[in-house]
Amino acid sequence: MSAGAIAVTFRGGGAAVRVSAGILLLVAAMALAGPLLSPHDSLSMDLEQRLGPPTLQGVRLFGTDDLGRDLFVRTLSGTRVTLLVAIVASFVSLSIGVAYGAIAGYAGGKTDAVMMRMVDALYALPFMFLVILLMVAFERNFLLIFVAIGAINWLDMARIVRGQTLSLKQREFVDAARLIGVPPIVVVFRHILPNLLGVVAVYATLTIPQAILVESFLSFLGLGVQEPRTSLGALINDGVAHMESAPWMLLIPATLLAIVLMSFNFLGDGLRDVLDPRRRER
Amino acid sequence: MSLLEVAGLTIAYAGAPAVDNLSFSLNPGESLGIAGESGSGKTQTALGIMGLLPANAHAQGRVLFDGADLLGKPQDVLNRFRARRMAMVFQDPKMALNPYLQVGEQLTRVLREHRVARGKDAPMRAIEMLRRVRLPDPERRYRAWPHQLSGGMRQRVMIALALACEPELLIADEPTTALDVTVQAQVLALLQEIRARTGIALLLITHDLGVIAENCERMLVMHHGRGVEQGLTAEVFAHPTEQVTKAMLAAARRLDDAPPRSVANSSVPVLSVDSIRVTFHDARWAWHGHMSHGAVRAVSFTVGPGETLAVVGESGCGKTTLARVIAGLVRADSGTVHLCGKPLAADARSRPADERRRVQMVFQDPVASLDPAMKVTAIAGEPVALHEPGLGRAACRDRIVAMLARVGLDASLLQRFPHELSGGQAQRVAIARALLLDPKVLICDEAVAALDGTARISILDLLQNEQQRSGLSLVFITHDLAVVRRISHRILVMYMGRVCEVSGNDTLFRRPRHPYTRALINSMPIADPARGPRPVQLSGEVTLRGIPSGCPFHPRCEYAVARCAEETPEPRTIDGVDVACHRAEELDLR
């Protein structure tokens, strides 16, 4: 269903969806392959050419930073890190959230009440503050960012999936499955989850930009990705320091971030419209 | 000159016509019934006349109302006709009333908008309208919110709204389909009364030929968007010329006067249900006053091998809850269910696999009972894989294909998703899924209610054939007496959670013992225009708030005496009929 829906989105979702999907594919392809196209690598410094503006001379397409590193390569590898963090974090949060919400919703009764009150309690924690504490207390490692972002996002997903499950389990096909003796956990994974995929697909495209924002924010604060690795947030942070002397250091990663975020949002909106039953012809 | 003339009306969606070159006319004061199965374009026609088609519909042709062409006219032109000269009543009164406005407010808005009444006249006029549609206690109902009214009352309010500006044409689109059969009879009688009093023209859209036979002077049969046949109702019924009409009439007649079959006799019941009680305490509804609803109170019955027991009653009588208790989907507060003499666990999950497979169920909505994300092959394969895990892939497939063939489906449907099946095909898949487990008892919960006439007959035929083939016992839950008449050996009538009467098929229709049974029988529309309108037998509706003391039926019963309100009648056997009525012996209800 969801694969078909995605196909429908690209055919019938309108120009905004198609353009943003195209942009995202292009950005992802560039992030993976782009650094190979440049004669430079992301770490080698050229102290002769610090804060160089974008130029074709020496193939410095995006210029250089304060240490003379090639910004084209750094921006693309930063994009790669940002996308990776966002996609992995979203995947983590979706897996936890979907399983948790579906089980709570299907089990119902006291199990549901206890599980959802736990979610409520977790909601009450000031997560950004916790994440910052975590980052400060432990080694600032890459893995921790996935965990931290995933830990924030799964709560929303759990609530949405639980609500959907509550309405799905009233449907007659779930009764039919219970009658022929399908065990509850199999009902959840075989009958409930596949029917949730549409909602999950939509929500995933809206979770990814959220995760990108959190990662960028952490990196901007200097708590996220650490040197020598970089991300769009870290690059923007560097750019702010040289905003007046080398505006391209700020403008290029910031523009790219904005484009990626907008594309994900348009894609999510388009998917939601297509999957909305009220918009279906049949 | 005709009041409404539709000429060459074609309504298309993305090039596919929903209504195809349809022409008909309606004279002032006349009643025309439009009959057709679902998807035949009846509702699209009504929406086209009223100018309510969605933006993606493409309409051609002419809709002349009193000489003015309305098709494709802008809203302000249409608004000079809508409500004032033509009005519409929709199928589901729950959806058609604004839940955030009091009933009276909705009426006065219409009256003021069309300047029928101003200022303080409007509320007076609105109450008068409510009185005219026979809404009990109109002064109080004026301030009621839609959710406080029953389905029948809401439909009365809808009719009052439609009639507010005294239009010349009333379009009623399946006005009684969402209502119980006794309430349907009341609403149809009200429409007749209004027609007799005001001379309004009526365009009645329905799938039920019985409703048309009793209420319309002329009729039009639609099929795949085309008008295939029209004429005087009596003539079309007597001499149908088109194949489609003949098939529809045959389906309606076959339900009406199917010969009852011999009753299977057996001393050992397959299923025996003993004093089942279920009460739902739903805290969320407490402030609406529904402390308990859908309750089943001390219901007992048995079903023999190869026997069909029909459980009949109006919505809310507890018949579906009863079915779900037997299936093990709802836990009873007390009482037991025995299968072949052995007690069944209350919960389907705690029944041993061998017992669980013996009680299976077919649901009302065939498409909803199939997992939308699974193909037919996976849906039908699930019970096989679950109960015979050792079976190989090829053997499993063979079994599924054989079962699909048995229920009349082709193996080419295996790769389809449920939404790619017709209602009848989907219900066959659901039946195949149940039969693959080789059940002894098959519970059919309104299994044909969502199907059109011909598909309905073929599913009933299929169930009867299966019964003869494998000695299956059927518990057939339905509100439709025509279906009951056709399929059942014995009939159990329920009212508000209690058994009124258990009787043989022929006996029940020939000599009902309980006043409620007779009211049900008399409310059933009959597809025979020669019979003429019947008097309404039953007033009132199933009360939503609380269960009456004594006999639950006594507030609506014309034979009720003081004792009925005090003492709950216990079922007792009279001439082989179990009946729960204090006056069963003395009443002669033929």
# chains A, B, ... in the order shown; residues from 1 in each chain; ligands from 1
>>> closest_atom_pairs(of="chain B", to="chain A", cutoff="9 Å", atoms="only C-alpha atoms", output="CSV")
residue,atom,partner,partner_atom,distance
B:Ala327,CA,A:Leu179,CA,7.1
B:Gly328,CA,A:Leu179,CA,7.6
B:Leu329,CA,A:Asp175,CA,7.2
B:Ala348,CA,A:Leu179,CA,6.3
B:Arg349,CA,A:Gly181,CA,6.4
B:Arg351,CA,A:Gly181,CA,8.9
B:Ala353,CA,A:Gly181,CA,7.2
B:Arg356,CA,A:Gly181,CA,7.1
B:Arg357,CA,A:Ile180,CA,6.3
B:Val359,CA,A:Leu179,CA,8.2
B:Gln360,CA,A:Leu179,CA,6.6
B:Met361,CA,A:Ala176,CA,7.3
B:Val362,CA,A:Ala176,CA,8.0
B:Phe363,CA,A:Glu172,CA,6.9
B:Gln364,CA,A:Glu172,CA,8.5
B:Asp365,CA,A:Glu172,CA,7.8
B:Pro366,CA,A:Glu172,CA,8.8
B:Val367,CA,A:Phe173,CA,8.7
B:Ala368,CA,A:Glu172,CA,5.7
B:Ser369,CA,A:Phe173,CA,3.9
B:Leu370,CA,A:Phe173,CA,4.9
B:Asp371,CA,A:Phe173,CA,5.4
B:Pro372,CA,A:Asn195,CA,7.3
B:Ala373,CA,A:Asn195,CA,6.0
B:Met374,CA,A:His191,CA,8.4
B:Glu382,CA,A:Ile180,CA,8.3
B:Pro383,CA,A:Ile180,CA,5.9
B:Leu386,CA,A:Val182,CA,7.2
B:His387,CA,A:Gly181,CA,8.4
B:Ala430,CA,A:Ala176,CA,8.8
B:Arg433,CA,A:Ile180,CA,8.7
B:Ala434,CA,A:Ile180,CA,7.8
B:Leu437,CA,A:Ile180,CA,7.8
>>> residues_around(residues="B:Val303", least_positions_apart="6", cutoff="10 Å", atoms="only C-alpha atoms", output="mmCIF file with C-alpha atoms, in the first residue's frame")
data_model
loop_
_atom_site.group_PDB
_atom_site.id
_atom_site.type_symbol
_atom_site.label_atom_id
_atom_site.label_comp_id
_atom_site.auth_asym_id
_atom_site.auth_seq_id
_atom_site.Cartn_x
_atom_site.Cartn_y
_atom_site.Cartn_z
ATOM 1 C CA SER B 266 -32.544 -33.433 16.179
ATOM 2 C CA VAL B 268 -28.701 -33.299 20.288
ATOM 3 C CA PRO B 269 -28.042 -29.601 19.843
ATOM 4 C CA VAL B 270 -24.766 -28.553 18.239
ATOM 5 C CA LEU B 271 -24.848 -25.215 19.942
ATOM 6 C CA SER B 272 -26.585 -24.528 23.180
ATOM 7 C CA VAL B 273 -26.616 -21.097 24.745
ATOM 8 C CA LEU B 309 -31.583 -20.221 13.546
ATOM 9 C CA LEU B 339 -20.658 -26.856 21.602
ATOM 10 C CA VAL B 441 -21.373 -23.475 13.627
ATOM 11 C CA SER B 473 -25.406 -25.106 11.676
ATOM 12 C CA LEU B 474 -26.086 -21.451 10.952
ATOM 13 C CA VAL B 475 -26.866 -18.668 13.388
ATOM 14 C CA HIS B 489 -35.671 -23.118 10.042
ATOM 15 C CA ARG B 490 -36.364 -21.442 13.330
#
>>> closest_residue(among="A:Thr82, A:Pro228, A:Ala211, A:Arg117", to="A:Asp41", atoms="only C-alpha atoms")
A:Pro228
>>> residues_around(residues="stretch 313-316 of chain B", least_positions_apart="5", cutoff="12 Å", atoms="only C-alpha atoms", output="ChimeraX atom specification")
/B:150-151,178-184,292-296,321-322,446,476-481,484,491-501,516-517,519-521,523,541-545,547
>>> residues_around(residues="stretch 124-141 of chain A", least_positions_apart="2", cutoff="10 Å", atoms="only C-alpha atoms", output="NGL selection string")
:A and (118-122 or 143-149 or 151-152 or 214 or 217-218 or 221-226)
>>> atom_distance(atom1="atom CA of B:Leu97", atom2="atom CA of B:Lys120")
23.0 Å
>>> closest_residue(among="A:Thr165, A:Gln210, A:Ser216, A:Ser38", to="A:Gly108", atoms="only C-alpha atoms")
A:Thr165
>>> atom_distance(atom1="atom CA of A:Pro247", atom2="atom CA of A:Phe62")
10.9 Å
